[in-house]
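Trainee: Provided herewith: run_22.tsv, TSV, C-alpha atoms and all ligand atoms.
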chain	number	residue	atom	x	y	z
A	282	MET	CA	30.06	114.61	223.42
A	283	THR	CA	31.87	113.96	220.15
A	284	ALA	CA	34.35	116.39	218.60
A	285	PHE	CA	31.34	117.85	216.76
A	286	GLY	CA	29.41	118.53	219.97
A	287	GLN	CA	26.91	115.74	219.31
A	288	PRO	CA	26.39	112.88	221.77
A	289	PRO	CA	27.49	109.59	220.20
A	290	ARG	CA	24.67	107.35	218.99
A	291	HIS	CA	25.07	104.17	221.01
A	292	PHE	CA	23.15	101.05	219.94
A	293	LEU	CA	22.93	99.08	223.15
A	294	ASP	CA	19.35	97.98	222.59
A	295	LEU	CA	16.76	98.36	219.83
A	296	GLY	CA	15.00	101.14	221.72
A	297	ASP	CA	18.07	103.36	221.34
A	298	ALA	CA	17.12	103.72	217.68
A	299	GLY	CA	13.33	103.36	218.06
A	300	GLY	CA	10.77	101.97	215.62
A	301	ASP	CA	10.98	104.69	212.93
A	302	ALA	CA	14.77	104.57	212.67
A	303	LEU	CA	14.73	100.76	212.72
A	304	ALA	CA	12.22	100.73	209.86
A	305	ALA	CA	14.49	103.10	207.92
A	306	MET	CA	17.45	100.85	208.71
A	307	ILE	CA	15.68	97.74	207.42
A	308	ASN	CA	14.61	99.56	204.23
A	309	ASP	CA	18.16	100.78	203.67
A	310	ALA	CA	19.49	97.26	204.19
A	311	ILE	CA	17.10	95.95	201.54
A	312	ASP	CA	18.14	98.69	199.09
A	313	ARG	CA	21.89	98.32	199.70
A	314	LYS	CA	21.68	94.54	199.43
A	315	ALA	CA	19.94	94.82	196.04
A	316	ALA	CA	22.26	97.58	194.79
A	317	ARG	CA	25.43	95.52	195.32
A	318	ALA	CA	24.13	92.23	193.92
A	319	GLY	CA	26.88	90.46	191.99
A	320	LEU	CA	29.78	92.40	193.54
A	321	PRO	CA	32.55	90.46	195.30
A	322	LYS	CA	31.76	90.31	199.02
A	323	GLY	CA	34.69	92.50	200.04
A	324	ALA	CA	34.08	95.21	197.43
A	325	ALA	CA	32.81	98.57	198.69
A	326	ASP	CA	29.35	99.92	197.90
A	327	ALA	CA	29.41	102.65	195.25
A	328	ASP	CA	29.05	105.48	197.81
A	329	ALA	CA	31.49	104.01	200.40
A	330	PRO	CA	29.86	106.14	203.14
A	331	LEU	CA	32.25	105.08	205.93
A	332	ALA	CA	35.48	105.58	203.97
A	333	GLY	CA	38.33	106.25	206.37
A	334	ARG	CA	36.39	105.10	209.44
A	335	VAL	CA	37.70	102.36	211.75
A	336	LEU	CA	35.55	100.22	214.03
A	337	ALA	CA	37.09	98.32	216.97
A	338	LEU	CA	35.56	94.87	217.46
A	339	VAL	CA	35.99	93.87	221.10
A	340	PHE	CA	35.14	90.27	221.97
A	341	GLU	CA	34.95	88.91	225.49
A	342	LYS	CA	33.10	85.84	224.16
A	343	ASN	CA	33.40	83.66	221.05
A	344	SER	CA	31.81	84.66	217.74
A	345	THR	CA	31.70	83.66	214.10
A	346	ARG	CA	28.78	85.55	212.52
A	347	THR	CA	29.04	88.79	214.49
A	348	ARG	CA	32.78	89.04	213.95
A	349	VAL	CA	32.72	88.29	210.23
A	350	SER	CA	29.59	90.30	209.47
A	351	PHE	CA	30.88	93.48	211.16
A	352	ASP	CA	34.19	93.14	209.33
A	353	ILE	CA	32.57	92.59	205.94
A	354	ALA	CA	29.95	95.28	206.65
A	355	MET	CA	32.69	97.84	207.34
A	356	ARG	CA	34.58	96.81	204.17
A	357	GLN	CA	31.39	97.19	202.11
A	358	LEU	CA	30.81	100.64	203.62
A	359	GLY	CA	34.39	101.63	202.72
A	360	GLY	CA	35.81	101.46	206.27
A	361	SER	CA	37.87	98.93	208.21
A	362	VAL	CA	37.99	97.13	211.56
A	363	LEU	CA	40.50	96.04	214.14
A	364	LEU	CA	39.98	93.14	216.46
A	365	LEU	CA	40.53	92.97	220.21
A	366	ASP	CA	39.78	90.23	222.70
A	367	SER	CA	40.13	90.08	226.43
A	368	ALA	CA	42.81	87.37	226.31
A	369	SER	CA	45.31	89.42	224.32
A	370	SER	CA	44.36	92.99	225.30
A	371	GLN	CA	44.83	94.74	228.64
A	372	LEU	CA	41.13	94.15	229.41
A	373	GLY	CA	42.18	90.62	230.31
A	374	ARG	CA	44.67	92.00	232.82
A	375	GLY	CA	42.16	94.23	234.55
A	376	GLU	CA	42.34	97.56	232.69
A	377	THR	CA	38.99	99.17	233.35
A	378	ILE	CA	36.18	99.46	230.83
A	379	ALA	CA	36.17	103.22	231.49
A	380	ASP	CA	39.83	103.63	230.54
A	381	THR	CA	39.47	101.28	227.57
A	382	ALA	CA	36.52	103.35	226.34
A	383	ARG	CA	38.47	106.60	226.65
A	384	VAL	CA	41.56	105.21	224.91
A	385	LEU	CA	39.64	103.58	222.06
A	386	SER	CA	37.63	106.78	221.57
A	387	ARG	CA	40.92	108.61	220.79
A	388	MET	CA	41.99	105.95	218.29
A	389	VAL	CA	38.93	104.62	216.45
A	390	ASP	CA	35.58	105.93	215.20
A	391	GLY	CA	33.31	103.32	216.80
A	392	ILE	CA	33.35	100.36	219.17
A	393	MET	CA	31.47	97.07	218.98
A	394	LEU	CA	31.53	95.09	222.21
A	395	ARG	CA	30.47	91.50	222.90
A	396	THR	CA	30.52	90.82	226.61
A	397	ASP	CA	28.69	89.11	229.47
A	398	ASP	CA	27.20	91.60	231.93
A	399	HIS	CA	25.11	94.29	230.20
A	400	ALA	CA	26.37	96.77	232.82
A	401	LYS	CA	29.79	96.53	231.14
A	402	ILE	CA	28.51	97.82	227.80
A	403	ALA	CA	26.56	100.54	229.58
A	404	GLU	CA	29.83	101.51	231.28
A	405	MET	CA	31.66	101.49	227.92
A	406	ALA	CA	28.97	103.76	226.45
A	407	ARG	CA	29.12	106.14	229.43
A	408	HIS	CA	32.82	106.74	228.89
A	409	ALA	CA	33.11	106.53	225.09
A	410	THR	CA	32.91	109.59	222.88
A	411	VAL	CA	32.36	107.40	219.80
A	412	PRO	CA	29.33	105.14	219.16
A	413	VAL	CA	29.22	101.84	221.07
A	414	ILE	CA	27.32	98.92	219.50
A	415	ASN	CA	26.08	95.86	221.39
A	416	GLY	CA	27.38	92.71	219.70
A	417	LEU	CA	25.60	90.57	222.37
A	418	THR	CA	25.45	90.65	226.14
A	419	ASP	CA	23.86	88.21	228.57
A	420	SER	CA	20.82	90.49	228.44
A	421	SER	CA	20.24	91.22	224.73
A	422	HIS	CA	21.34	90.80	221.11
A	423	PRO	CA	19.83	93.73	219.19
A	424	CYS	CA	21.94	93.42	215.99
A	425	GLN	CA	20.72	89.85	215.58
A	426	ILE	CA	17.13	90.98	215.65
A	427	VAL	CA	17.63	93.65	212.98
A	428	ALA	CA	18.82	90.79	210.74
A	429	ASP	CA	15.89	88.61	211.81
A	430	LEU	CA	13.31	91.30	211.00
A	431	LEU	CA	14.97	91.86	207.62
A	432	THR	CA	14.80	88.12	206.94
A	433	VAL	CA	11.14	87.83	207.90
A	434	ILE	CA	10.26	90.81	205.65
A	435	GLU	CA	12.25	89.34	202.76
A	436	HIS	CA	10.18	86.20	203.13
A	437	GLY	CA	7.03	88.19	202.48
A	438	LYS	CA	5.77	88.87	205.99
A	439	ALA	CA	4.61	92.22	207.38
A	440	LEU	CA	5.66	92.96	210.95
A	441	PRO	CA	2.48	94.48	212.45
A	442	GLY	CA	0.27	91.67	213.69
A	443	LEU	CA	2.87	88.97	212.97
A	444	GLU	CA	2.60	85.93	215.26
A	445	VAL	CA	6.06	84.89	216.46
A	446	ALA	CA	6.50	81.78	218.61
A	447	TRP	CA	9.65	81.19	220.67
A	448	PHE	CA	10.67	77.83	222.17
A	449	GLY	CA	13.16	76.85	224.87
A	450	ASP	CA	15.28	79.18	226.95
A	451	GLY	CA	14.11	82.71	227.77
A	452	ASN	CA	17.44	84.27	226.84
A	453	ASN	CA	19.16	87.35	225.39
A	454	VAL	CA	17.90	86.75	221.84
A	455	LEU	CA	14.32	86.44	223.06
A	456	HIS	CA	14.71	89.66	225.05
A	457	SER	CA	15.55	91.58	221.88
A	458	ILE	CA	12.66	89.92	220.01
A	459	LEU	CA	10.36	91.13	222.79
A	460	GLU	CA	11.76	94.65	222.51
A	461	ALA	CA	11.17	94.56	218.74
A	462	ALA	CA	7.62	93.32	219.29
A	463	GLY	CA	6.79	96.45	221.25
A	464	LEU	CA	8.37	98.69	218.62
A	465	PHE	CA	6.68	97.02	215.62
A	466	LYS	CA	3.44	95.76	217.21
A	467	PHE	CA	3.84	92.07	216.57
A	468	ASN	CA	2.84	89.32	218.99
A	469	VAL	CA	5.06	86.80	220.73
A	470	ARG	CA	4.06	83.46	222.26
A	471	VAL	CA	6.85	82.25	224.50
A	472	ALA	CA	6.97	78.54	225.37
A	473	THR	CA	9.55	77.73	228.06
A	474	PRO	CA	9.82	75.29	230.95
A	475	ALA	CA	8.97	76.79	234.34
A	476	GLY	CA	11.88	78.80	235.65
A	477	TYR	CA	13.30	79.65	232.22
A	478	GLU	CA	10.95	82.50	231.30
A	479	PRO	CA	12.34	85.78	229.90
A	480	GLU	CA	13.06	88.65	232.28
A	481	PRO	CA	9.78	90.37	233.16
A	482	ALA	CA	11.16	93.81	232.18
A	483	PHE	CA	11.36	92.72	228.51
A	484	VAL	CA	7.84	91.26	228.61
A	485	GLU	CA	6.57	94.53	230.06
A	486	LEU	CA	8.46	96.53	227.41
A	487	ALA	CA	6.74	94.56	224.65
A	488	ARG	CA	3.31	94.91	226.23
A	489	ALA	CA	3.81	98.63	226.89
A	490	GLY	CA	4.45	99.04	223.15
A	491	GLY	CA	1.18	97.30	222.29
A	492	ALA	CA	2.41	93.75	221.60
A	493	GLU	CA	0.51	90.75	222.90
A	494	VAL	CA	2.86	88.46	224.81
A	495	THR	CA	1.75	85.01	225.95
A	496	LEU	CA	3.92	83.02	228.35
A	497	THR	CA	3.12	79.32	228.38
A	498	GLN	CA	4.61	75.91	229.14
A	499	ASP	CA	2.54	74.37	226.30
A	500	ALA	CA	4.78	74.29	223.21
A	501	HIS	CA	2.08	73.04	220.85
A	502	ALA	CA	-0.36	75.77	221.91
A	503	ALA	CA	2.35	78.39	221.28
A	504	ALA	CA	3.10	77.06	217.78
A	505	ARG	CA	-0.54	76.93	216.65
A	506	GLY	CA	-1.09	79.33	213.73
A	507	ALA	CA	2.31	81.04	214.12
A	508	ASP	CA	4.00	82.86	211.21
A	509	VAL	CA	7.51	82.55	212.60
A	510	ILE	CA	8.94	79.74	214.72
A	511	VAL	CA	12.18	80.58	216.48
A	512	THR	CA	14.51	78.97	218.95
A	513	ASP	CA	18.09	79.21	220.18
A	514	THR	CA	20.62	77.12	222.03
A	515	TRP	CA	19.49	75.76	225.38
A	516	ILE	CA	22.89	76.62	226.90
A	517	SER	CA	24.12	80.13	226.14
A	518	MET	CA	27.75	81.20	226.32
A	519	GLY	CA	28.86	81.53	229.92
A	520	GLN	CA	26.20	79.12	231.25
A	521	ALA	CA	26.98	75.73	232.77
A	522	ASP	CA	26.11	72.84	230.43
A	523	ALA	CA	23.66	71.35	232.95
A	524	ALA	CA	21.94	68.03	232.24
A	525	GLU	CA	19.03	69.19	234.40
A	526	LYS	CA	18.41	72.21	232.15
A	527	LYS	CA	18.62	70.13	228.98
A	528	ALA	CA	16.11	67.65	230.41
A	529	ALA	CA	13.69	70.48	231.19
A	530	MET	CA	14.06	71.79	227.61
A	531	ALA	CA	13.37	68.46	225.87
A	532	LEU	CA	9.65	69.15	225.38
A	533	TYR	CA	10.48	72.44	223.65
A	534	GLN	CA	12.48	71.07	220.71
A	535	VAL	CA	11.35	72.53	217.39
A	536	ASN	CA	10.56	69.42	215.35
A	537	ALA	CA	8.23	68.42	212.53
A	538	ALA	CA	5.28	67.89	214.88
A	539	LEU	CA	5.67	71.40	216.24
A	540	MET	CA	6.15	72.96	212.79
A	541	ALA	CA	2.95	71.24	211.67
A	542	GLU	CA	1.02	73.37	214.19
A	543	ALA	CA	2.24	76.62	212.57
A	544	LYS	CA	0.88	78.24	209.41
A	545	PRO	CA	1.89	76.29	206.28
A	546	ASP	CA	4.05	79.20	205.11
A	547	ALA	CA	5.70	79.73	208.52
A	548	VAL	CA	9.45	80.22	208.54
A	549	PHE	CA	11.95	78.80	211.03
A	550	LEU	CA	14.61	81.14	212.46
A	551	HIS	CA	17.68	80.38	214.57
A	552	CYS	CA	20.46	82.91	215.23
A	553	LEU	CA	23.05	80.06	215.14
A	554	PRO	CA	25.18	78.32	216.20
A	555	ALA	CA	22.62	75.47	216.30
A	556	HIS	CA	22.71	72.25	218.24
A	557	VAL	CA	20.80	70.02	215.88
A	558	GLY	CA	19.09	67.24	217.81
A	559	ASP	CA	18.67	69.48	220.88
A	560	GLU	CA	16.69	72.68	220.32
A	561	VAL	CA	15.87	71.79	216.69
A	562	SER	CA	15.46	68.47	214.90
A	563	GLU	CA	17.52	67.77	211.78
A	564	ASP	CA	14.48	67.58	209.49
A	565	VAL	CA	13.36	71.09	210.47
A	566	PHE	CA	16.87	72.57	210.39
A	567	GLU	CA	17.52	71.14	206.92
A	568	GLY	CA	13.91	71.52	205.78
A	569	PRO	CA	12.25	73.97	203.38
A	570	GLN	CA	10.85	76.27	206.06
A	571	ALA	CA	14.25	76.97	207.63
A	572	VAL	CA	15.69	80.31	206.52
A	573	VAL	CA	18.63	80.26	208.92
A	574	PHE	CA	21.35	80.84	206.33
A	575	ASP	CA	19.50	83.81	204.80
A	576	GLU	CA	19.29	85.04	208.39
A	577	ALA	CA	23.05	84.54	208.86
A	578	GLU	CA	23.88	86.38	205.62
A	579	ASN	CA	21.55	89.19	206.60
A	580	ARG	CA	23.75	89.90	209.60
A	581	ILE	CA	26.01	91.75	207.11
A	582	HIS	CA	23.21	93.81	205.59
A	583	ALA	CA	21.64	94.58	208.96
A	584	GLN	CA	25.00	95.51	210.47
A	585	LYS	CA	25.57	98.05	207.71
A	586	SER	CA	22.36	99.82	208.67
A	587	VAL	CA	23.22	99.72	212.37
A	588	LEU	CA	26.61	101.25	211.55
A	589	LEU	CA	25.12	103.97	209.33
A	590	TRP	CA	22.62	104.85	212.06
A	591	SER	CA	25.35	104.90	214.72
A	592	PHE	CA	27.51	107.18	212.57
A	593	GLY	CA	24.55	109.54	212.11
A	594	LEU	CA	24.11	108.80	208.40
A	595	LEU	CA	20.72	107.06	208.59
A	596	GLY	CA	17.48	107.60	210.48
A	597	THR	CA	18.29	111.19	211.38
A	601	LIG	N1	24.27	84.64	215.95
A	601	LIG	C1	25.47	85.08	216.39
A	601	LIG	O1	25.60	86.13	217.02
A	601	LIG	O2	26.49	84.26	216.05
A	601	LIG	P1	28.01	84.37	216.57
A	601	LIG	O3	27.99	84.01	218.03
A	601	LIG	O4	28.76	83.39	215.73
A	601	LIG	O5	28.48	85.78	216.39
A	602	LIG	N1	21.90	82.86	223.33
A	602	LIG	C1	23.15	82.62	222.65
A	602	LIG	C2	23.24	83.42	221.40
A	602	LIG	C3	24.48	83.19	220.60
A	602	LIG	C4	24.55	84.02	219.35
A	602	LIG	C5	24.30	82.93	223.58
A	602	LIG	O1	24.24	83.94	224.30
A	602	LIG	O2	25.26	82.15	223.62
Would you mind giving the structure from this file in structure tokens?
Mentor:
Amino acid sequence: MTAFGQPPRHFLDLGDAGGDALAAMINDAIDRKAARAGLPKGAADADAPLAGRVLALVFEKNSTRTRVSFDIAMRQLGGSVLLLDSASSQLGRGETIADTARVLSRMVDGIMLRTDDHAKIAEMARHATVPVINGLTDSSHPCQIVADLLTVIEHGKALPGLEVAWFGDGNNVLHSILEAAGLFKFNVRVATPAGYEPEPAFVELARAGGAEVTLTQDAHAAARGADVIVTDTWISMGQADAAEKKAAMALYQVNAALMAEAKPDAVFLHCLPAHVGDEVSEDVFEGPQAVVFDEAENRIHAQKSVLLWSFGLLGT
């Protein structure tokens, strides 16, 4: 319980907010983005709704976009951040997640954690009395997908009935796309080599929500008629850079031939960082259908909505 007797609103996965709150968050992101057009990036929004609030950013893995976007998002909402990593904090010397959660809860207003095992963020949330936000685990990357949905909508696409096609590794980013599919009733075709499929629990979550999910090893069949083509690195953080895995992924590169199967107005998404020449060819990455830098910028606008929801100021 918080000091106000309310349980903190953790955002460990998209389902913690649910479809209605996520829709409100995306709408708010669109409005806030438009309202601050032309302002310097570090200037606060007119209402500065998180003035005086501090968010701890805790990184147990590398980051560029998540780190910068949470920092800028807090500045734009009138608040501030402090940065911790396992190398220089006591986490790296074995202080428990439970004690870290209890200490940080006395000192800051919210915690963002990027870590490996999803059980660690669940543990942080169990012991924190302030909101805990998932900045990526081995299992999921919900903040990324709020930005992705915002980007798709900005490019003129409605979510219900959308045909999304994923290529390559069945990883954390795909898991959150599948969760979103169940919440917003869009369909996902997943093309992976055998043995690299997403975890069945996320496929079942999408299907239980009414999404159609197709798992295939045929990349061209998956791309046919798609509205959104999306991929990610073949080797995620913490995984061994195995030649065997890269060889298995080769048929799943998003290239011009694959894009030609999709709808002519299809967009290409990638959470970044990209490995051009591996999961995506240079002509697609640099081509007119790629919206990856809009997607990266939208991490700021999406993060602001996640923060407002977590602090109880949105989607109540
Ligand atoms: N997409 C994403 O989360 O990027 P970073 O790893 O740079 O934060
Ligand atoms: N799947 C990637 C996403 C990086 C933002 C990883 O976990 O490394």
Trainee: Can you tell me which residues come within 6 Å of ligand LIG 601 (chain A) when counting all atoms listed in the file, ideally as a ChimeraX atom specification?
Mentor: /A:344-348,552-553
Trainee: Name the closest residue to Ala547 of chain A among the candidates A:Leu430, A:Met355, A:Val411, A:Ala571; distances are taken between atoms, counting all atoms listed in the file.
Mentor: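 Smallest separation from Ala547 of chain A among the options: A:Ala571.
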Trainee: For a test of reading the model, state the distance in Å between atom O1 of ligand LIG 602 (chain A) and atom CA of Asn453 of chain A, rounded to one decimal.
Mentor: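 So the answer is 6.2 Å.
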Trainee: Tell me, in Å to one decimal, how far atom CA of Arg374 of chain A is from atom CA of Leu338 of chain A.
Mentor: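 Atom-to-atom, atom CA of Arg374 of chain A and atom CA of Leu338 of chain A are spaced 18.1 Å apart.
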Trainee: Give me the residues near segment 420-428 of chain A as a count of residues only, where near means some atom within 7 Å (using all atoms listed in the file) and where sequence neighbours in that chain fewer than 6 positions away do not count.
Mentor: 14
